[in-house]
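Printed here is run_23.cif (mmCIF, C-alpha atoms):
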data_start
#
loop_
_atom_site.label_atom_id
_atom_site.label_comp_id
_atom_site.auth_asym_id
_atom_site.auth_seq_id
_atom_site.Cartn_x
_atom_site.Cartn_y
_atom_site.Cartn_z
CA MET D 1 -7.89 -5.89 55.92
CA ARG D 2 -4.33 -6.43 54.81
CA LEU D 3 -4.46 -3.64 52.26
CA PHE D 4 -5.93 -1.03 54.56
CA GLY D 5 -3.98 -2.09 57.63
CA LEU D 6 -0.63 -1.62 55.94
CA GLY D 7 -0.12 1.94 57.16
CA ARG D 8 -0.65 0.80 60.74
CA TYR D 9 1.83 -2.07 60.27
CA PHE D 10 4.44 0.32 58.92
CA TRP D 11 3.90 2.87 61.67
CA ASP D 12 4.04 0.19 64.36
CA ALA D 13 7.27 -1.13 62.87
CA LEU D 14 8.75 2.36 62.62
CA ARG D 15 7.77 3.13 66.19
CA GLU D 16 9.63 0.04 67.46
CA ILE D 17 12.92 1.25 65.98
CA ASN D 18 15.26 2.75 68.53
CA PRO D 19 16.81 5.86 66.94
CA ASN D 20 19.81 5.58 69.23
CA ASP D 21 20.75 2.19 67.77
CA VAL D 22 20.88 3.66 64.28
CA ARG D 23 22.56 6.85 65.51
CA VAL D 24 25.39 4.86 67.10
CA GLU D 25 25.98 3.09 63.79
CA LEU D 26 25.65 6.30 61.81
CA GLU D 27 27.88 8.57 63.89
CA ARG D 28 30.55 6.12 65.04
CA PRO D 29 34.10 7.32 64.38
CA VAL D 30 35.85 5.74 61.42
CA THR D 31 39.55 5.64 60.68
CA ILE D 32 40.93 4.78 57.25
CA ALA D 33 44.67 4.81 56.58
CA PHE D 34 46.51 5.07 53.29
CA PHE D 35 50.07 3.73 53.35
CA ALA D 36 52.33 4.48 50.39
CA ARG D 37 55.60 5.96 49.23
CA PRO D 38 55.43 9.55 47.98
CA GLY D 39 54.11 9.80 44.43
CA THR D 40 52.21 6.49 44.50
CA GLY D 41 48.79 8.18 44.33
CA ARG D 42 47.40 7.80 47.85
CA HIS D 43 45.77 11.25 47.93
CA THR D 44 44.40 10.76 44.43
CA LEU D 45 42.90 7.41 45.46
CA ALA D 46 41.30 8.98 48.53
CA ARG D 47 39.69 11.69 46.39
CA ALA D 48 38.44 9.09 43.91
CA LEU D 49 36.77 7.00 46.64
CA PHE D 50 35.70 9.53 49.27
CA GLY D 51 35.62 12.83 47.44
CA THR D 52 38.31 14.32 49.67
CA SER D 53 41.94 13.86 50.62
CA ASP D 54 41.82 16.07 53.67
CA SER D 55 43.41 14.51 56.73
CA ASP D 56 41.37 14.49 59.91
CA ARG D 57 42.75 14.72 63.40
CA PRO D 58 44.82 11.69 64.44
CA GLY D 59 42.74 8.60 65.03
CA ARG D 60 39.73 9.86 63.03
CA GLY D 61 38.77 9.92 59.36
CA LEU D 62 41.46 9.66 56.70
CA SER D 63 45.17 9.48 57.41
CA PHE D 64 48.14 9.35 55.02
CA ASN D 65 51.24 7.48 56.07
CA GLU D 66 54.62 6.30 54.83
CA VAL D 67 55.54 2.61 54.46
CA ASP D 68 57.93 2.23 57.39
CA THR D 69 56.76 0.00 60.23
CA ALA D 70 56.52 2.97 62.61
CA ALA D 71 53.68 4.27 60.45
CA VAL D 72 51.37 1.53 61.74
CA ALA D 73 51.64 2.77 65.32
CA SER D 74 51.23 6.40 64.34
CA ALA D 75 48.08 5.63 62.32
CA GLY D 76 46.26 4.49 65.47
CA ILE D 77 43.38 1.99 65.67
CA LEU D 78 42.08 1.46 62.15
CA ASP D 79 38.85 0.25 60.57
CA LEU D 80 40.30 -0.10 57.06
CA ALA D 81 43.65 0.35 55.33
CA PHE D 82 44.95 0.78 51.80
CA LEU D 83 48.55 -0.14 51.01
CA LEU D 84 49.56 1.31 47.64
CA LEU D 85 52.43 -0.08 45.60
CA ASP D 86 54.10 1.61 42.65
CA ALA D 87 54.42 -0.82 39.74
CA SER D 88 57.54 1.02 38.56
CA GLU D 89 59.30 0.48 41.90
CA PRO D 90 61.73 -2.47 41.65
CA ASP D 91 61.87 -3.28 45.36
CA TRP D 92 58.74 -3.85 47.48
CA SER D 93 60.52 -5.15 50.58
CA LEU D 94 59.25 -2.28 52.74
CA GLU D 95 55.71 -2.90 51.55
CA ARG D 96 56.00 -6.62 52.31
CA LYS D 97 57.11 -5.91 55.89
CA LEU D 98 54.31 -3.41 56.34
CA GLU D 99 51.72 -5.79 54.90
CA ALA D 100 52.81 -8.47 57.37
CA ARG D 101 52.27 -6.00 60.23
CA LEU D 102 48.90 -4.85 58.94
CA ALA D 103 47.61 -8.33 58.10
CA GLY D 104 47.61 -9.39 61.74
CA ALA D 105 45.91 -6.28 63.05
CA GLY D 106 42.31 -7.45 62.56
CA PHE D 107 41.02 -5.02 59.92
CA PRO D 108 40.74 -5.29 56.10
CA VAL D 109 43.81 -4.25 54.11
CA PHE D 110 43.54 -3.54 50.39
CA LEU D 111 46.68 -3.87 48.28
CA ILE D 112 46.45 -1.38 45.42
CA LEU D 113 48.90 -1.39 42.52
CA THR D 114 49.27 1.93 40.71
CA HIS D 115 51.31 3.09 37.68
CA ALA D 116 50.81 -0.26 35.94
CA ASP D 117 50.79 1.68 32.67
CA GLN D 118 54.55 2.10 33.12
CA LEU D 119 55.11 -1.65 32.84
CA SER D 120 56.10 -3.05 29.45
CA VAL D 121 53.10 -5.37 29.79
CA PRO D 122 50.52 -3.69 32.08
CA SER D 123 48.51 -6.90 32.43
CA GLN D 124 51.40 -8.42 34.40
CA GLY D 125 50.69 -6.08 37.31
CA LEU D 126 48.11 -8.21 39.13
CA PRO D 127 50.03 -11.52 38.76
CA ALA D 128 53.12 -9.76 40.12
CA LEU D 129 51.13 -8.46 43.07
CA ARG D 130 49.81 -11.92 43.86
CA ALA D 131 53.26 -13.46 43.55
CA GLN D 132 54.79 -10.93 45.94
CA PHE D 133 51.96 -11.31 48.49
CA PRO D 134 50.85 -14.96 48.16
CA GLY D 135 49.05 -15.07 51.49
CA HIS D 136 46.93 -11.97 50.95
CA PRO D 137 43.23 -12.43 50.04
CA PRO D 138 42.94 -11.96 46.26
CA GLU D 139 39.62 -10.13 46.63
CA LEU D 140 41.54 -7.42 48.51
CA MET D 141 43.93 -6.78 45.62
CA ALA D 142 43.43 -4.51 42.63
CA VAL D 143 45.29 -2.69 39.89
CA VAL D 144 43.86 0.81 39.50
CA ASP D 145 44.62 4.16 37.99
CA PRO D 146 43.22 6.49 40.67
CA ARG D 147 43.22 9.37 38.20
CA ASP D 148 40.26 7.64 36.56
CA GLU D 149 37.70 8.23 39.30
CA VAL D 150 34.78 6.46 37.64
CA ARG D 151 36.67 3.26 36.94
CA THR D 152 38.39 3.32 40.34
CA ARG D 153 35.07 3.59 42.13
CA ARG D 154 33.63 0.82 40.00
CA GLN D 155 36.57 -1.43 40.86
CA LEU D 156 36.83 -0.74 44.58
CA LEU D 157 33.76 0.83 46.10
CA GLY D 158 31.50 -2.22 46.23
CA ARG D 159 34.27 -4.44 47.56
CA MET D 160 35.28 -1.88 50.14
CA LEU D 161 31.76 -1.45 51.50
CA GLN D 162 31.11 -5.18 51.52
CA THR D 163 34.37 -5.87 53.32
CA ALA D 164 33.83 -3.10 55.85
CA SER D 165 30.07 -3.52 56.20
CA GLY D 166 30.14 -2.62 59.89
CA ILE D 167 31.15 0.97 59.13
CA ARG D 168 29.47 1.56 55.78
CA LEU D 169 26.53 3.54 57.22
CA ALA D 170 29.01 5.83 58.96
CA LEU D 171 31.07 6.09 55.78
CA GLY D 172 28.04 7.02 53.67
CA TYR D 173 26.92 9.61 56.21
CA ARG D 174 30.39 11.16 56.48
CA TYR D 175 31.36 11.00 52.79
CA PRO D 176 28.44 11.96 50.48
CA PRO D 177 30.07 10.65 47.25
CA ILE D 178 29.68 7.05 48.44
CA ARG D 179 26.18 7.51 49.88
CA ALA D 180 24.42 6.06 46.83
CA ALA D 181 26.59 2.94 46.88
CA VAL D 182 25.83 2.38 50.58
CA ALA D 183 22.11 2.83 49.91
CA GLU D 184 22.27 0.32 47.05
CA GLN D 185 23.85 -2.35 49.25
CA LEU D 186 21.31 -1.77 52.03
CA ILE D 187 18.43 -2.09 49.57
CA ARG D 188 19.72 -5.28 47.94
CA GLU D 189 20.52 -6.96 51.24
CA THR D 190 17.13 -6.13 52.77
CA SER D 191 15.37 -7.32 49.60
CA ARG D 192 17.20 -10.64 49.74
CA ALA D 193 16.52 -11.01 53.47
CA ASN D 194 12.81 -10.38 52.91
CA ALA D 195 12.70 -12.94 50.12
CA GLN D 196 14.20 -15.51 52.48
CA THR D 197 11.78 -14.49 55.23
CA ALA D 198 8.80 -14.90 52.89
CA LEU D 199 10.02 -18.34 51.88
CA LEU D 200 10.46 -19.51 55.47
CA ALA D 201 7.13 -17.99 56.51
CA SER D 202 5.42 -20.05 53.80
CA LEU D 203 6.57 -23.31 55.37
CA PRO D 204 3.99 -23.31 58.22
CA SER D 205 1.25 -23.31 55.56
CA LEU D 206 2.24 -26.89 54.82
CA ILE D 207 0.53 -27.68 58.16
CA PRO D 208 -3.16 -26.82 57.52
CA VAL D 209 -4.33 -25.32 60.84
CA LEU D 210 -0.98 -23.84 61.86
CA GLY D 211 -0.54 -22.31 58.44
CA MET D 212 -3.86 -20.46 58.64
CA VAL D 213 -2.75 -18.85 61.91
CA LEU D 214 0.93 -18.15 61.19
CA GLY D 215 1.56 -18.14 57.46
CA GLY D 216 0.00 -14.84 56.43
CA MET D 217 0.24 -12.88 59.66
CA ALA D 218 3.86 -13.49 60.63
CA ASP D 219 5.48 -12.75 57.30
CA ILE D 220 3.70 -9.45 56.64
CA LEU D 221 4.72 -8.15 60.08
CA VAL D 222 8.37 -9.19 59.70
CA LEU D 223 8.62 -7.96 56.11
CA THR D 224 7.08 -4.61 56.99
CA LYS D 225 9.43 -4.21 59.96
CA ASN D 226 12.43 -4.92 57.72
CA GLN D 227 11.21 -2.40 55.17
CA ALA D 228 10.60 0.20 57.88
CA MET D 229 14.16 -0.27 59.15
CA LEU D 230 15.47 0.07 55.60
CA VAL D 231 13.59 3.32 55.04
CA PHE D 232 14.70 4.61 58.45
CA LYS D 233 18.37 3.88 57.69
CA LEU D 234 18.06 5.56 54.30
CA ALA D 235 16.48 8.60 55.95
CA ALA D 236 19.36 8.68 58.45
CA LEU D 237 21.93 8.24 55.71
CA TYR D 238 20.56 11.28 53.87
CA GLY D 239 20.49 13.48 56.97
CA ARG D 240 16.91 13.29 58.26
CA ASP D 241 16.21 13.84 61.97
CA LEU D 242 16.20 10.38 63.55
CA ASP D 243 14.12 11.50 66.52
CA ASP D 244 11.27 12.70 64.29
CA ARG D 245 9.80 9.35 63.27
CA VAL D 246 6.39 10.91 62.64
CA GLY D 247 8.01 13.40 60.27
CA ILE D 248 9.88 10.63 58.47
CA LEU D 249 6.64 8.66 58.03
CA LYS D 250 4.67 11.66 56.78
CA GLU D 251 7.41 12.59 54.33
CA ILE D 252 8.02 9.16 52.86
CA ALA D 253 4.54 7.57 52.96
CA PRO D 254 3.33 9.16 49.70
CA VAL D 255 6.56 8.09 48.01
CA VAL D 256 6.61 4.40 48.96
CA GLY D 257 2.91 3.81 49.70
CA SER D 258 2.02 2.54 46.24
CA ALA D 259 4.86 0.03 46.35
CA PHE D 260 3.58 -1.29 49.69
CA LEU D 261 0.05 -1.68 48.35
CA TRP D 262 1.24 -3.37 45.16
CA ARG D 263 3.30 -5.88 47.13
CA THR D 264 0.49 -6.62 49.57
CA ALA D 265 -2.13 -7.14 46.87
CA ALA D 266 0.15 -9.44 44.93
CA ARG D 267 1.06 -11.46 48.03
CA THR D 268 -2.61 -11.84 48.92
CA ALA D 269 -3.32 -13.22 45.46
CA VAL D 270 -0.40 -15.60 45.61
CA GLY D 271 -1.52 -16.74 49.05
CA LEU D 272 -4.56 -18.39 47.46
CA ALA D 273 -2.29 -20.96 45.79
CA PRO D 274 -1.58 -24.20 47.67
CA ALA D 275 1.73 -24.56 49.49
CA PRO D 276 4.47 -25.06 48.55
CA ILE D 277 3.48 -23.86 45.04
CA SER D 278 3.05 -20.29 46.33
CA ALA D 279 6.25 -20.21 48.39
CA LEU D 280 8.70 -19.03 45.74
CA PRO D 281 6.34 -16.53 44.08
CA LYS D 282 5.79 -15.06 47.55
CA ALA D 283 9.53 -14.74 47.90
CA SER D 284 9.74 -12.96 44.56
CA ILE D 285 7.01 -10.51 45.57
CA ALA D 286 8.81 -9.83 48.85
CA TYR D 287 12.05 -9.14 46.98
CA LEU D 288 10.45 -6.95 44.32
CA GLY D 289 8.31 -5.02 46.78
CA THR D 290 11.19 -4.33 49.14
CA TYR D 291 13.50 -3.30 46.30
CA VAL D 292 10.94 -0.86 44.89
CA VAL D 293 10.26 0.62 48.35
CA GLY D 294 13.98 1.08 48.98
CA GLN D 295 14.78 2.57 45.58
CA SER D 296 11.77 4.89 45.72
CA ALA D 297 12.89 6.17 49.13
CA ARG D 298 16.46 6.57 47.95
CA TYR D 299 15.30 8.45 44.83
CA TYR D 300 13.28 10.86 46.97
CA TYR D 301 16.04 11.48 49.51
CA GLU D 302 18.59 12.12 46.74
CA ARG D 303 16.44 14.28 44.48
CA GLY D 304 13.63 15.64 46.64
CA ASP D 305 10.98 14.41 44.18
CA LYS D 306 8.70 11.41 44.06
CA PRO D 307 9.79 8.99 41.30
CA THR D 308 7.61 9.02 38.21
CA ALA D 309 5.73 5.94 37.02
CA ASP D 310 8.42 5.31 34.40
CA VAL D 311 11.17 5.45 37.03
CA VAL D 312 9.29 3.02 39.28
CA GLN D 313 8.82 0.75 36.27
CA GLY D 314 12.60 0.79 35.86
CA PHE D 315 13.05 -0.15 39.54
CA ARG D 316 10.76 -3.15 39.08
CA ALA D 317 12.52 -4.26 35.92
CA GLU D 318 15.88 -4.10 37.69
CA ALA D 319 14.46 -5.99 40.66
CA LEU D 320 13.28 -8.77 38.34
CA ARG D 321 16.75 -9.00 36.85
CA LEU D 322 18.46 -9.13 40.24
CA TYR D 323 15.97 -11.62 41.64
CA ALA D 324 16.93 -14.25 39.06
CA SER D 325 20.09 -15.21 40.97
CA VAL D 326 18.28 -15.06 44.33
CA ASN D 327 15.57 -17.36 43.01
CA ASP D 328 18.07 -20.13 42.26
CA ALA D 329 19.39 -20.03 45.82
CA LEU D 330 15.89 -20.09 47.30
CA LYS D 331 14.87 -23.08 45.19
CA GLN D 332 17.77 -25.00 46.66
CA ARG D 333 16.71 -24.09 50.18
CA LEU D 334 13.09 -25.07 49.57
CA GLY D 335 13.46 -28.48 48.01
CA GLY D 336 17.02 -29.42 47.16
CA GLY D 337 16.72 -28.05 43.63
CA LYS D 338 15.67 -31.14 41.64
CA ALA D 339 11.96 -30.91 42.35
CA TRP D 340 11.95 -27.29 41.22
CA ALA D 341 14.50 -27.43 38.43
CA SER D 342 11.93 -28.00 35.70
CA ARG D 343 9.50 -25.36 36.96
CA GLN D 344 9.54 -21.79 35.83
CA LEU D 345 8.58 -19.59 38.76
CA PRO D 346 8.09 -16.03 37.56
CA PRO D 347 6.28 -13.45 39.69
CA PRO D 348 2.51 -14.09 39.79
CA ALA D 349 0.22 -12.63 37.17
CA SER D 350 -0.80 -9.74 39.41
CA ALA D 351 2.82 -8.65 39.76
CA GLN D 352 3.46 -9.02 36.03
CA ARG D 353 0.48 -6.82 35.22
CA GLU D 354 1.76 -4.22 37.64
CA THR D 355 5.23 -4.24 36.10
CA GLY D 356 3.83 -4.13 32.60
CA GLY D 357 4.80 -7.77 31.79
#
As structure tokens - that is how I would like this structure written.
Amino acid sequence: MRLFGLGRYFWDALREINPNDVRVELERPVTIAFFARPGTGRHTLARALFGTSDSDRPGRGLSFNEVDTAAVASAGILDLAFLLLDASEPDWSLERKLEARLAGAGFPVFLILTHADQLSVPSQGLPALRAQFPGHPPELMAVVDPRDEVRTRRQLLGRMLQTASGIRLALGYRYPPIRAAVAEQLIRETSRANAQTALLASLPSLIPVLGMVLGGMADILVLTKNQAMLVFKLAALYGRDLDDRVGILKEIAPVVGSAFLWRTAARTAVGLAPAPISALPKASIAYLGTYVVGQSARYYYERGDKPTADVVQGFRAEALRLYASVNDALKQRLGGGKAWASRQLPPPASAQRETGG
């Protein structure tokens, strides 16, 4: 029943999604300001992160500003700001005044040090930045060479999207170069959320009668709804028509269907184990299944082809690696850690066979 009812679960979950809710998140205006003195690299940084340095109309998209305090007012209402500092500049007093203005405005402000290669000891750049701005969050500071696009994106993109998570779907939709990074965060977060959901849904099975009614039914519905929302957001991110939910389902079902069936079969097998022994393996299956569904959908939307068996195998291997840190946190939530510390809780045998383990 569970195996063959999965398509209905997914369609029901997809049908409950309100396209307008996702559309509002996807198409909301975003405003990102770069503040810097001329020659500091603000346009180069914008190209490295967003693939463009074209200014939009005032109050929308990217804007490039000087470091005088009047620049804050002219930049308008912001979602995110970058304040660039030239390491070769001996006086940062203007930047300190500007940072004080920006810090109280209610949006994230990244302090970016450039031209550190012009210092006698380049490694002194970050300590100098922290000393000059002691009250600024250290996770919003970085020393970068924006001419090196790959390294700049590796240093800043994840932090930027995590810090500005409320606008990341809009950013990915508007700026294609960061689309893959947005998709990756969505997939990992949904996978973790589903692992937690599976763990919590296992708890009713500690109560014999209640567990028979709630344990298996509730979690599969919630997990499937979360996966449907993930696939729907990925479809939106890559430009699919949000009003055509039937079209989205028909297009993506052959791509992610095998991952759904694998997850469901494995969870059914694990469900035969007594609680709470099956709780953490269920969580691992929820994480792995969701991750594979998300990555398979992302692969298809990026490339237009269904991932091969070898590619899916790679997704599962990566999911196993990522789940290791999640598993430690879930063990703490389940039993305080000590009772589970000596137990090795890999995915169940059915999942290992599927992943080639």
Exercise for the section: Using all atoms listed in the file, pick whichever of D:Ala33, D:Ala70, D:Val24, D:Leu14 has the shortest atom-to-atom distance to Ser55 (chain D). Expected result: D:Ala33
Problem - Picked residues, the PyMOL selection byres ((chain D and resi 193) around 10), as a ChimeraX atom specification - result: /D:187-192,194-199,223,226,283,286-287,290
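Using only C-alpha atoms for every distance, the candidate list D:Val311, D:Ala116, D:Leu85, D:Leu237 yields D:Leu85 as the residue closest to Ala36 (chain D).
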Exercise for the section: Enter the distance from CA of Val293 (chain D) to CA of Arg321 (chain D), in Å, rounded to one decimal. Expected result: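 Going from CA of Val293 (chain D) over to CA of Arg321 (chain D), I get 16.3 Å.
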Exercise for the section: For Phe232 (chain D), please output as number ranges by chain all residues within 12 Å (counting all atoms listed in the file; exclusion window: fewer than 3 positions along the same chain). Expected result: D: 10-11, 13-23, 26, 169, 183, 186-187, 225-229, 235-249, 251-253, 293-294, 297-298, 301
Problem - Selection under test: the PyMOL selection byres ((chain D and resi 77) around 12); residues as a list in words - result: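 Answer for the PyMOL selection byres ((chain D and resi 77) around 12): Pro29, Val30, Thr31, Ile32, Ala33, Pro58, Gly59, Arg60, Gly61, Leu62, Ser63, Ala71, Val72, Ala73, Ser74, Ala75, Gly76, Leu78, Asp79, Leu80, Ala81, Leu102, Ala105, Gly106 and Phe107 of chain D.
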Problem - Evaluate the PyMOL selection byres ((chain D and resi 154-168) around 8) and report residues as a PyMOL selection string - result: chain D and resi 25+28+30+49+79-80+108+139-140+142+144+150-153+169-172+178+181-182
Box dimensions and centre (Å, one decimal) enclosing region 92-105 of chain D, axis-aligned, 3 Å extra per side, as AutoDock Vina command-line options:
--center_x 53.2 --center_y -5.8 --center_z 55.3 --size_x 20.6 --size_y 13.1 --size_z 21.6
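Between Phe110 (chain D) and the residues D:Val67, D:Pro137, D:Pro176, D:His43, the shortest atom-to-atom distance, using only C-alpha atoms, involves D:Pro137.
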Problem - Straight-line distance linking CA of Tyr175 (chain D) with CA of Phe50 (chain D), stated in Å to one decimal - result: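 Straight-line distance from CA of Tyr175 (chain D) to CA of Phe50 (chain D) works out to 5.8 Å.
Of note, CA of Ser93 (chain D) and CA of Ala48 (chain D) are spaced 27.1 Å apart.
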Practice task
With a distance cut-off of 9 Å and all atoms listed in the file, select the neighbouring residues of Ala46 (chain D), excluding the residue or stretch itself and same-chain residues fewer than 6 positions from it, and output the selection as a list in words.
Solution key: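 Using all atoms listed in the file, the neighbours found are Phe34, Thr52, Ser53, Asp54, Leu62 and Pro146 of chain D.
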Handout entry: Who sits within 7 Å of Asp86 (chain D), only C-alpha atoms, same chain under 6 positions skipped, as a ChimeraX atom specification
Key = /D:40,113-115
Writer output for current selection, C-alpha atoms, as a compact mmCIF listing (two decimals), in the coordinates of the input:
# COMPACT_ATOMS: atom_id res chain seq x y z
CA THR D 40 52.21 6.49 44.50
CA LEU D 113 48.90 -1.39 42.52
CA THR D 114 49.27 1.93 40.71
CA HIS D 115 51.31 3.09 37.68
Problem - Nearest-residue call for Asp328 (chain D), choices D:Leu111, D:Phe64, D:Leu129, D:Ser284, using all atoms listed in the file - result: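 Going through D:Leu111, D:Phe64, D:Leu129, D:Ser284 one by one, the smallest distance to Asp328 (chain D) is for D:Ser284.
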Practice task
Show which residues sit within 10 Å of Glu99 (chain D), as an MDAnalysis selection string. Count all atoms listed in the file, and ignore same-chain residues fewer than 2 positions away.
Solution key: chainID D and resid 35 67 69 82:83 93:97 101:104 109:111 133 136
Exercise for the section: Would you mind telling me which residue in D:Arg147, D:Pro90, D:Ala319, D:Asp56 lies nearest to Arg42 (chain D) when using all atoms listed in the file? Expected result: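 With all atoms listed in the file as the atom set, the closest residue is D:Arg147.
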Problem - D:Pro138, D:Asp12, D:Glu89, D:Glu149 ranked by distance to Leu45 (chain D), top pick (using all atoms listed in the file) - result: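 With all atoms listed in the file as the atom set, the closest residue is D:Glu149.
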